[in-house]
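Enquirer: Starting off with a structure, shown below.
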Amino acid sequence: MTGTLGKDLLGLESLTGDQIRLILDTAEPFKEISERAIKKVPALRGSTIVNLFFENSTRTRISFEFAEKRLSADTVNVSASGSSVSKGETLVDTARNLEAMRIDMVVIRHSASGAAQFLAERIQSNVINAGDGTHEHPTQGLLDILTLRDRFGDLKGRRICICGDILHSRVARSNIWGLNKLGAEVAVCGPRSLLPNAIDEFGVKIFDRVEEAIEWAEALNVLRLQFERMTAGYIPSAREYNRVFGITRERLDRAPGDILILHPGPMNRGVEIDSDVADGPHSVILAQVTNGVAVRMAVLYLLAGGKPELAEAAKGGSGRGREDRE
Amino acid sequence: MKPILLKGGTLVDPSQGLNGVGDVLIADGVIKGLGGTIAGPKEVDVIDCAGLIVSPGFIDVHCHLREPGREDVETIATGARAAAAGGFTAVCAMPNTDPVTDNQAAVGFIVRQAQRAESARVYPIGAISVGQEGKALAEFGEMVGAGAVAVSDDGKPVASAQLMRTALEYARTFKIPVIDHCEEPTLSVGGSMNEGIVSAQLGLKGIPAEAEEIMVIRDILLARLTGGHVHLAHMSTKGSVELIRWGKERGIRVTAEVCPHHLSLTEESVRGYNTNAKMNPPLRTAKDVEALRVGVKDGTIDLIATDHAPHHYDEKEREFADAPNGIVGLETALAVIVTNLVETGHLTFSDLVDRMACGPARIFGLPGGSLKRGAAADVTVFDPKARWKVDASRFVSKGRNSPYDGMTLVGRAACTIVAGSVVYRSGIPARGREKVNRTRG
Amino acid sequence: MATKTTTVLDARAVERTLKRMSVEIVELNHGTDDLIIVGIQRRGVQLADRLVKMIEGGEGVTVPQGSLDITLYRDDLQTVGPRPVVGPTYLPWDLEGKHIVIVDDVLYTGRTVRAALDELADFGRPGSISLAVLIDRGGRELPIHADVVGKKIEVGPDERVDVLVAELDERTEVVIVPKSAA
């Protein structure tokens with residue numbers, strides 16, 4: 001198994017199935033590191049990583065930070081408040097300043113779609129997209145897929161339905177592309193006001209009723225309902241959303257077979273998902289969190305030093321004859 | 001002023017059904033002789049036009065010259081020179097300046113700045129509403145008196161149907177068109193590109209075609225109600241073409257324009273978050289482009305206008321959703337049309353000249369648009385075969401924001417003559433109109 | 001200059017050598033109490049496998065067997081280009097006071113063993129760590145020696161020693177090949 005990711009991880013749309021498998025396979029041994037007494041390996045010793053968060057995200061930032069620290073990288077967190085970013089500095093100036101400080105990698109979360117690509121095109125450091133606007137959130141997609149693979153093995157032909165606000169969800173896009181590339185059958189379910197108008201061109205099944213989705217699917221990835229969508233008038237109320245689209249115990253009880261429940265978090269209990277589902281036997285939500293660290297370690301490991309000019313030189317360097325790498 | 005003899009060019013002037021080789025003699029600011037072989041007086045500047053097309057001067061009824069307010073981005077002088085370099089002998093300046101061109105004094109300022117520029121003519125367009133706020137009607141009469149040729153709140157739609165109705169009625173007295181930027185604002189809010197598969201994939205909020213079409217049919221119906229002349233700016237969708245066709249078939253006074261970019265590019269250009277493919281209305285789909293091409297051929301769309309919208313380079317160097325709308329177009333319009341419509345067989349050169357010169361003059365009631373003897377000598381000479389690579393860094397305009405940068409296009413202005421003076425020639429902008437130069441020695 | 005492949009040990013010779021090594025390992029650690037055999041990924045794991053079975057045959061005791069992937073501890077990780085594949089590490093025991101025997105196929109520069117020692121230190125504080133290798137080819141770049149050696153051979157810098165094991169390579173054999181050979 002050989003392969004490279006290139007300089008950046010911007011999304012799953014641009015990856016091949018083999019590249020996605022490479023990340024998932026690499027994540028496997030990294031799971032064990034988090035089980036050790038000393039949860040740290042020296043793989044990225046001396047690397048400097050900036051976590052550039054223009055949007056608040058405790059969960060993703062902590063997961064990345066753990067991943068970076070367990071690989072012994074030096075990390076700096078920059079958040080929009082308390083930096084020159086809040087003083088109106090443009091993204092391009094921020095990028096140039098980071099570059100001048102000779103950092104190795106940037107993990108960026110930004111409210112604008114395309115922000116990660118914008119940064120990646122302007123700096124030499126590796127860029128990892130930790131969520132750009134309503135575009136992609138590739139490491140979330142990867143950890144969801146890893147969690148599904150842990151349970152299902154091969155994902156070919158497996159039926160997975162993403163439920164909720166597909167229109168504004170970067171998690172949904174990354175999941176759809178990633179799962180499609182691994183041969184899974186993907187469906188979406190949600191109010192039509194929260195589905196892109198062009199959803200039928202994404203190569204997914206569409207369910208208008210969550211009951212139909214539950215009957216069809218082997219796993220549901222339940223997206224968080226962002227409350228600002230209600231003020232913008234996409235749906236009438238959280239209460240009605242739960243009544244019509246909520247993943248409830250009663251609805252799951254009518255599932256014809258086993259069904260896994262994923263949620264990228266943070267959850268609105270009693271809105272898109274009921275507590276007894278989130279905490280119940282179908283839920284793999286905490287496994288997702290654990291896998292998140294392993295997947296991010298894998299991505300950091302694979303991108304670090306993955307400079308194209310070194311790629312050719314090192315081809316065939318694995319497997320037989322370890323002497324070569326001594 | 002020395003007379004000019006344009007020698008041996010192909011004369012294309014649909015206003016008098018002209019299409020053939022012949023000479024043109026220009027003297028005293030007007031066309032003195034036309035067709036056949038003209039000997040000319042002793043003292044004459046002869047310009048060899050063999051292999052070139054000689055046509056009535058192009059008129060762009062839709063551009064943003066940014067002065068007053070954003071002189072760092074474009075001025076009336078740089079805009080007029082950019083126009084001349086693109087083969088335009090006249091342009092109409094939209095009123096969304098700072099302050100808004102919504103009164104007699106502001107219109108007068110543009111007229112004076114245009115005279116000082118000594119290049120392509122610049123006709124001001126006044127605002128429909130005071131401050132373009134969509135509330136109180138601006139003083140059309142005063143503005144027309146000062147030189148305004150039309151009214152528009154371009155950049156913004158006229159959201160209120162009542163205001164649009166009143167504007168169409170009131171403009172009748174002055175026989176000027178009311179230009180609308182068709183965009184239903186509650187449908188388009190937050191959108192930064194066409195709504196479709198590309199916007200869904202890129203995670204960008206889209207603007208549906210219907211946001212334009214709803215306003216197109218509203219304006220057509222209001223024109224029917226009022227008998228006013230509505231001119232629809234920068235049409236971008238197939239549906240709009242169909243609605244305009246519907247209106248024209250019923251004798252409603254609706255005219256429309258389309259921009260070169262909507263005739264040549266699609267939403268695919270946005271991929272990679274290319275801010276130079278961001279404009280409003282947005283680039284649409286291949287189906288829309290095809291319908292617009294058919295519409296501009298059959299006359300449903302009356303004319304081609306650039307919507308020239310310069311921006312400072314670093315304003316476009318940012319996150320897509322936050323980047324400003326618009327591209328520069330004066331210096332690429334001719335080549336984009338030749339390359340994408342003439343070379344592909346959609347339009348003849350005669351059609352091109354009609355949509356870029358005769359049509360604008362006819363619809364906006366402007367001088368020019370014809371090479372008839374005695375007409376003002378606003379003439380464009382262009383090379384229909386010239387292949388050139390667009391280099392935005394060499395634009396005469398201050399703006400560099402062009403999606404065509406780096407592309408190889410066909411067709412280029414060779415000589416632009418305004419009121420009998422050469423204002424642009426073969427790659428180097430001329431100094432200005434000759435008579436003014438002469439008075440300065 | 002070597003131009004062709006030379007067989008150093010055939011399958012039967014490898015078997016004999018490992019048998020002797022298994023006896024030496026038990027001797028060195030005064031029996032099998034608290035003994036843990038740890039193979040280094042990849043071929044050290046298969047050799048450790050066989051050693052554990054041989055000890056079982058001789059002593060009637062199944063010694064715990066772990067595996068170690070040292071990739072993340074390599075000192076050249078920042079310079080090798082595309083990331084080497086990381087294999088599993090399996091050491092689910094408390095190592096405090098245990099006698100660890102690291103098993104690898106070839107001892108050359110000593111850098112792999114250095115990495116293995118660093119990694120083991122992150123798992124705890126064993127009573128002792130010793131090293132067993134099938135082939136010692138010389139050429140050390142670090143002060144490291146093997147406690148149990150299958151065979152010592154002289155190999156030029158332009159040659160490479162390949163240990164093949166049937167589990168991965170369809171046959172068991174130790175060969176010297178010219179370095180230019182793939």
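Chain labels run A, B, ... following the order of the structure tokens; each chain numbers its residues from 1, and ligands are numbered from 1 in the order shown.
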Which polymer residues have any atom within 6 Å of an atom of Pro157 of chain B, counting only C-alpha atoms, with same-chain residues fewer than 3 positions away left out, as a list in words?

Expert: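 Neighbouring residues, sequence-local ones excluded: His181, Cys182 and Glu183 of chain B.
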
Enquirer: Distance limit 12 Å, atoms considered: only C-alpha atoms. Which chain A residues sit that close to chain B? Return them as an MDAnalysis selection string.

Expert: chainID A and resid 10:14 89:95 110:122 131:137 166:174 176:177 194:203 232:233

Enquirer: Taking into account only C-alpha atoms, which residue in the set A:Ile145, A:Ala298, A:Ala213, A:Thr290 is nearest to chain C?

Expert: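 When distances to chain C are compared using only C-alpha atoms, the smallest one comes from A:Ala298.
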
Enquirer: Could you tell me how far atom CA of Thr89 of chain B sits from atom CA of Gly406 of chain B, in Å to one decimal place?

Expert: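 So the two atoms, atom CA of Gly406 of chain B and atom CA of Thr89 of chain B, lie 25.8 Å apart.
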
Enquirer: Run DSSP on the backbone of this structure and report the residues of segment 173-256 of chain B it assigns to alpha helix (DSSP H), as a PyMOL selection string.

Expert: chain B and resi 185-188+197-202+209-226+238-249

Enquirer: Would you mind exporting N, CA and C atoms of the selected residues as a compact mmCIF listing (two decimals), in the first residue's frame?

Expert:
# COMPACT_ATOMS: atom_id res chain seq x y z
N PRO B 185 -34.86 40.94 -4.55
CA PRO B 185 -33.82 40.96 -3.52
C PRO B 185 -34.01 39.93 -2.39
N THR B 186 -35.25 39.55 -2.09
CA THR B 186 -35.39 38.58 -1.00
C THR B 186 -35.00 37.17 -1.44
N LEU B 187 -35.06 36.94 -2.76
CA LEU B 187 -34.64 35.61 -3.27
C LEU B 187 -33.13 35.51 -3.42
N SER B 188 -32.51 36.65 -3.67
CA SER B 188 -31.07 36.60 -3.98
C SER B 188 -30.21 36.88 -2.76
N ILE B 197 -25.95 23.06 -9.43
CA ILE B 197 -25.09 21.99 -8.93
C ILE B 197 -23.74 22.53 -8.49
N VAL B 198 -23.21 23.53 -9.21
CA VAL B 198 -21.89 24.04 -8.84
C VAL B 198 -21.94 24.76 -7.49
N SER B 199 -22.97 25.57 -7.29
CA SER B 199 -23.09 26.26 -5.99
C SER B 199 -23.28 25.24 -4.87
N ALA B 200 -24.04 24.19 -5.15
CA ALA B 200 -24.26 23.17 -4.13
C ALA B 200 -22.96 22.44 -3.81
N GLN B 201 -22.14 22.21 -4.81
CA GLN B 201 -20.87 21.52 -4.57
C GLN B 201 -19.86 22.41 -3.87
N LEU B 202 -19.84 23.68 -4.24
CA LEU B 202 -18.86 24.59 -3.64
C LEU B 202 -19.31 25.10 -2.27
N ALA B 209 -32.16 31.60 -11.05
CA ALA B 209 -32.54 32.32 -12.27
C ALA B 209 -33.85 33.07 -12.05
N GLU B 210 -34.72 32.48 -11.24
CA GLU B 210 -36.04 33.08 -11.00
C GLU B 210 -35.94 34.45 -10.34
N ALA B 211 -34.86 34.71 -9.59
CA ALA B 211 -34.71 36.03 -8.97
C ALA B 211 -34.65 37.11 -10.05
N GLU B 212 -34.06 36.79 -11.18
CA GLU B 212 -34.03 37.74 -12.30
C GLU B 212 -35.36 37.75 -13.04
N GLU B 213 -35.86 36.54 -13.30
CA GLU B 213 -37.02 36.43 -14.19
C GLU B 213 -38.29 37.04 -13.59
N ILE B 214 -38.43 36.92 -12.27
CA ILE B 214 -39.59 37.53 -11.60
C ILE B 214 -39.63 39.03 -11.87
N MET B 215 -38.45 39.67 -11.80
CA MET B 215 -38.40 41.11 -12.03
C MET B 215 -38.54 41.45 -13.51
N VAL B 216 -38.04 40.56 -14.37
CA VAL B 216 -38.18 40.80 -15.81
C VAL B 216 -39.66 40.86 -16.18
N ILE B 217 -40.42 39.88 -15.71
CA ILE B 217 -41.84 39.89 -16.10
C ILE B 217 -42.59 41.03 -15.39
N ARG B 218 -42.18 41.34 -14.15
CA ARG B 218 -42.81 42.48 -13.47
C ARG B 218 -42.59 43.75 -14.28
N ASP B 219 -41.35 43.97 -14.72
CA ASP B 219 -41.04 45.20 -15.44
C ASP B 219 -41.76 45.24 -16.79
N ILE B 220 -41.85 44.09 -17.45
CA ILE B 220 -42.56 44.05 -18.74
C ILE B 220 -44.04 44.40 -18.53
N LEU B 221 -44.61 43.84 -17.47
CA LEU B 221 -46.03 44.11 -17.20
C LEU B 221 -46.23 45.58 -16.82
N LEU B 222 -45.27 46.16 -16.10
CA LEU B 222 -45.39 47.57 -15.74
C LEU B 222 -45.21 48.45 -16.97
N ALA B 223 -44.38 48.04 -17.91
CA ALA B 223 -44.23 48.79 -19.17
C ALA B 223 -45.55 48.74 -19.95
N ARG B 224 -46.20 47.58 -19.89
CA ARG B 224 -47.50 47.46 -20.56
C ARG B 224 -48.51 48.39 -19.89
N LEU B 225 -48.48 48.40 -18.58
CA LEU B 225 -49.42 49.23 -17.82
C LEU B 225 -49.21 50.71 -18.10
N THR B 226 -47.94 51.14 -18.18
CA THR B 226 -47.63 52.56 -18.22
C THR B 226 -47.34 53.10 -19.60
N LYS B 238 -32.13 32.01 -19.62
CA LYS B 238 -32.98 31.54 -20.70
C LYS B 238 -34.41 32.03 -20.50
N GLY B 239 -34.86 31.95 -19.25
CA GLY B 239 -36.22 32.39 -18.93
C GLY B 239 -36.42 33.86 -19.27
N SER B 240 -35.42 34.69 -18.99
CA SER B 240 -35.54 36.12 -19.30
C SER B 240 -35.72 36.33 -20.79
N VAL B 241 -34.95 35.59 -21.60
CA VAL B 241 -35.07 35.73 -23.05
C VAL B 241 -36.51 35.40 -23.49
N GLU B 242 -37.04 34.32 -22.91
CA GLU B 242 -38.40 33.91 -23.29
C GLU B 242 -39.43 34.96 -22.87
N LEU B 243 -39.25 35.54 -21.70
CA LEU B 243 -40.20 36.54 -21.22
C LEU B 243 -40.14 37.82 -22.06
N ILE B 244 -38.91 38.22 -22.44
CA ILE B 244 -38.76 39.43 -23.27
C ILE B 244 -39.41 39.19 -24.64
N ARG B 245 -39.21 37.98 -25.17
CA ARG B 245 -39.81 37.62 -26.46
C ARG B 245 -41.34 37.73 -26.35
N TRP B 246 -41.84 37.23 -25.25
CA TRP B 246 -43.28 37.30 -24.99
C TRP B 246 -43.74 38.76 -24.98
N GLY B 247 -42.98 39.63 -24.32
CA GLY B 247 -43.34 41.05 -24.22
C GLY B 247 -43.28 41.75 -25.58
N LYS B 248 -42.22 41.47 -26.32
CA LYS B 248 -42.05 42.13 -27.63
C LYS B 248 -43.14 41.71 -28.61
N GLU B 249 -43.51 40.41 -28.53
CA GLU B 249 -44.58 39.93 -29.42
C GLU B 249 -45.88 40.69 -29.18

Enquirer: Residues of chain C within 6 Å of chain A, counting only C-alpha atoms, what are they? List them as a PDB file with N, CA, C and O atoms, in the first residue's frame.

Expert:
ATOM      1  N   LEU C  72       7.108   5.543  13.715  1.00  0.00           N
ATOM      2  CA  LEU C  72       6.886   6.888  14.247  1.00  0.00           C
ATOM      3  C   LEU C  72       8.047   7.375  15.107  1.00  0.00           C
ATOM      4  O   LEU C  72       8.076   8.519  15.524  1.00  0.00           O
ATOM      5  N   TYR C  73       9.004   6.455  15.379  1.00  0.00           N
ATOM      6  CA  TYR C  73      10.173   6.826  16.187  1.00  0.00           C
ATOM      7  C   TYR C  73      11.432   6.962  15.347  1.00  0.00           C
ATOM      8  O   TYR C  73      12.508   7.155  15.871  1.00  0.00           O
ATOM      9  N   GLN C  78      11.323  13.049   8.952  1.00  0.00           N
ATOM     10  CA  GLN C  78      11.026  14.337   8.310  1.00  0.00           C
ATOM     11  C   GLN C  78      11.618  14.432   6.913  1.00  0.00           C
ATOM     12  O   GLN C  78      11.381  15.383   6.188  1.00  0.00           O
ATOM     13  N   GLY C  81      10.128  11.631   2.593  1.00  0.00           N
ATOM     14  CA  GLY C  81       9.151  11.763   1.519  1.00  0.00           C
ATOM     15  C   GLY C  81       7.822  11.184   1.924  1.00  0.00           C
ATOM     16  O   GLY C  81       7.386  11.398   3.038  1.00  0.00           O
ATOM     17  N   PRO C  82       7.148  10.454   1.023  1.00  0.00           N
ATOM     18  CA  PRO C  82       5.824   9.967   1.385  1.00  0.00           C
ATOM     19  C   PRO C  82       5.927   9.104   2.635  1.00  0.00           C
ATOM     20  O   PRO C  82       6.876   8.340   2.790  1.00  0.00           O
ATOM     21  N   ARG C  83       4.973   9.288   3.483  1.00  0.00           N
ATOM     22  CA  ARG C  83       5.038   8.656   4.792  1.00  0.00           C
ATOM     23  C   ARG C  83       5.087   7.143   4.666  1.00  0.00           C
ATOM     24  O   ARG C  83       4.277   6.540   3.965  1.00  0.00           O
ATOM     25  N   PRO C  88       0.880  -2.196  13.030  1.00  0.00           N
ATOM     26  CA  PRO C  88       0.356  -2.211  14.386  1.00  0.00           C
ATOM     27  C   PRO C  88       1.437  -2.463  15.446  1.00  0.00           C
ATOM     28  O   PRO C  88       2.389  -3.197  15.211  1.00  0.00           O
ATOM     29  N   ASP C 122       8.453   4.345  26.339  1.00  0.00           N
ATOM     30  CA  ASP C 122       7.162   5.026  26.483  1.00  0.00           C
ATOM     31  C   ASP C 122       6.085   4.088  27.009  1.00  0.00           C
ATOM     32  O   ASP C 122       4.983   4.519  27.334  1.00  0.00           O
ATOM     33  N   ASP C 162      18.723  -9.591   2.602  1.00  0.00           N
ATOM     34  CA  ASP C 162      17.268  -9.744   2.658  1.00  0.00           C
ATOM     35  C   ASP C 162      16.915 -11.012   3.403  1.00  0.00           C
ATOM     36  O   ASP C 162      17.416 -12.090   3.076  1.00  0.00           O
TER      37      ASP C 162
END

Enquirer: Could you pull out the strand (DSSP E or B) residues of segment 100-185 of chain B from DSSP and send them as a ChimeraX atom specification?

Expert: /B:121-124,126,129,137,151-152,178-180

Enquirer: Using only C-alpha atoms, determine which residues lie at most 12 Å from Gln162 of chain B, disregarding the query and same-chain residues fewer than 2 positions distant; provide the list as a list in words.

Expert: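 Contacts, in chain order: Gly134, Lys135, Ala136, Leu137, Val158, Ala159, Ser160, Met164, Arg165, Thr166, Ala167, Leu168, Glu169, Arg218, Asp219, Leu222, Leu225 and Thr226 of chain B.
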
Enquirer: Using the selection just defined, write its residues with N, CA, C and O atoms as a CSV table (one decimal), in the first residue's frame.

Expert:
chain,number,residue,atom,x,y,z
B,134,GLY,N,-34.3,53.7,-3.4
B,134,GLY,CA,-35.6,53.0,-3.7
B,134,GLY,C,-36.8,53.6,-3.1
B,134,GLY,O,-37.9,53.0,-3.0
B,135,LYS,N,-36.7,54.9,-2.7
B,135,LYS,CA,-37.9,55.6,-2.1
B,135,LYS,C,-38.4,56.7,-3.0
B,135,LYS,O,-39.3,56.5,-3.7
B,136,ALA,N,-37.7,57.9,-2.9
B,136,ALA,CA,-38.2,59.1,-3.6
B,136,ALA,C,-37.6,59.2,-5.0
B,136,ALA,O,-36.4,58.9,-5.2
B,137,LEU,N,-38.4,59.5,-5.9
B,137,LEU,CA,-38.0,59.7,-7.3
B,137,LEU,C,-37.0,60.8,-7.5
B,137,LEU,O,-37.2,61.9,-6.9
B,158,VAL,N,-34.9,47.9,-8.5
B,158,VAL,CA,-36.0,48.7,-8.0
B,158,VAL,C,-36.9,47.8,-7.3
B,158,VAL,O,-37.7,47.1,-8.0
B,159,ALA,N,-36.8,47.7,-6.0
B,159,ALA,CA,-37.6,46.6,-5.3
B,159,ALA,C,-39.1,46.9,-5.3
B,159,ALA,O,-39.9,46.1,-5.5
B,160,SER,N,-39.4,48.2,-5.3
B,160,SER,CA,-40.8,48.6,-5.2
B,160,SER,C,-41.5,48.7,-6.5
B,160,SER,O,-41.0,49.4,-7.4
B,164,MET,N,-41.3,51.7,-9.5
B,164,MET,CA,-40.9,51.4,-10.9
B,164,MET,C,-42.1,51.9,-11.8
B,164,MET,O,-41.8,52.4,-12.9
B,165,ARG,N,-43.3,51.7,-11.4
B,165,ARG,CA,-44.4,52.2,-12.2
B,165,ARG,C,-44.3,53.7,-12.4
B,165,ARG,O,-44.4,54.2,-13.5
B,166,THR,N,-44.1,54.4,-11.3
B,166,THR,CA,-44.0,55.8,-11.4
B,166,THR,C,-42.8,56.3,-12.3
B,166,THR,O,-43.0,57.2,-13.1
B,167,ALA,N,-41.7,55.6,-12.1
B,167,ALA,CA,-40.5,56.0,-12.9
B,167,ALA,C,-40.8,55.8,-14.4
B,167,ALA,O,-40.5,56.7,-15.2
B,168,LEU,N,-41.5,54.7,-14.8
B,168,LEU,CA,-41.8,54.5,-16.2
B,168,LEU,C,-42.8,55.6,-16.7
B,168,LEU,O,-42.6,56.0,-17.8
B,169,GLU,N,-43.7,55.9,-15.9
B,169,GLU,CA,-44.7,56.9,-16.3
B,169,GLU,C,-44.0,58.3,-16.4
B,169,GLU,O,-44.1,59.0,-17.4
B,218,ARG,N,-42.2,41.3,-14.2
B,218,ARG,CA,-42.8,42.5,-13.5
B,218,ARG,C,-42.6,43.8,-14.3
B,218,ARG,O,-43.5,44.5,-14.5
B,219,ASP,N,-41.4,44.0,-14.7
B,219,ASP,CA,-41.0,45.2,-15.4
B,219,ASP,C,-41.8,45.2,-16.8
B,219,ASP,O,-42.2,46.3,-17.2
B,222,LEU,N,-45.3,46.2,-16.1
B,222,LEU,CA,-45.4,47.6,-15.7
B,222,LEU,C,-45.2,48.5,-17.0
B,222,LEU,O,-45.9,49.5,-17.1
B,225,LEU,N,-48.5,48.4,-18.6
B,225,LEU,CA,-49.4,49.2,-17.8
B,225,LEU,C,-49.2,50.7,-18.1
B,225,LEU,O,-50.2,51.5,-18.2
B,226,THR,N,-47.9,51.1,-18.2
B,226,THR,CA,-47.6,52.6,-18.2
B,226,THR,C,-47.3,53.1,-19.6
B,226,THR,O,-47.3,54.3,-19.8
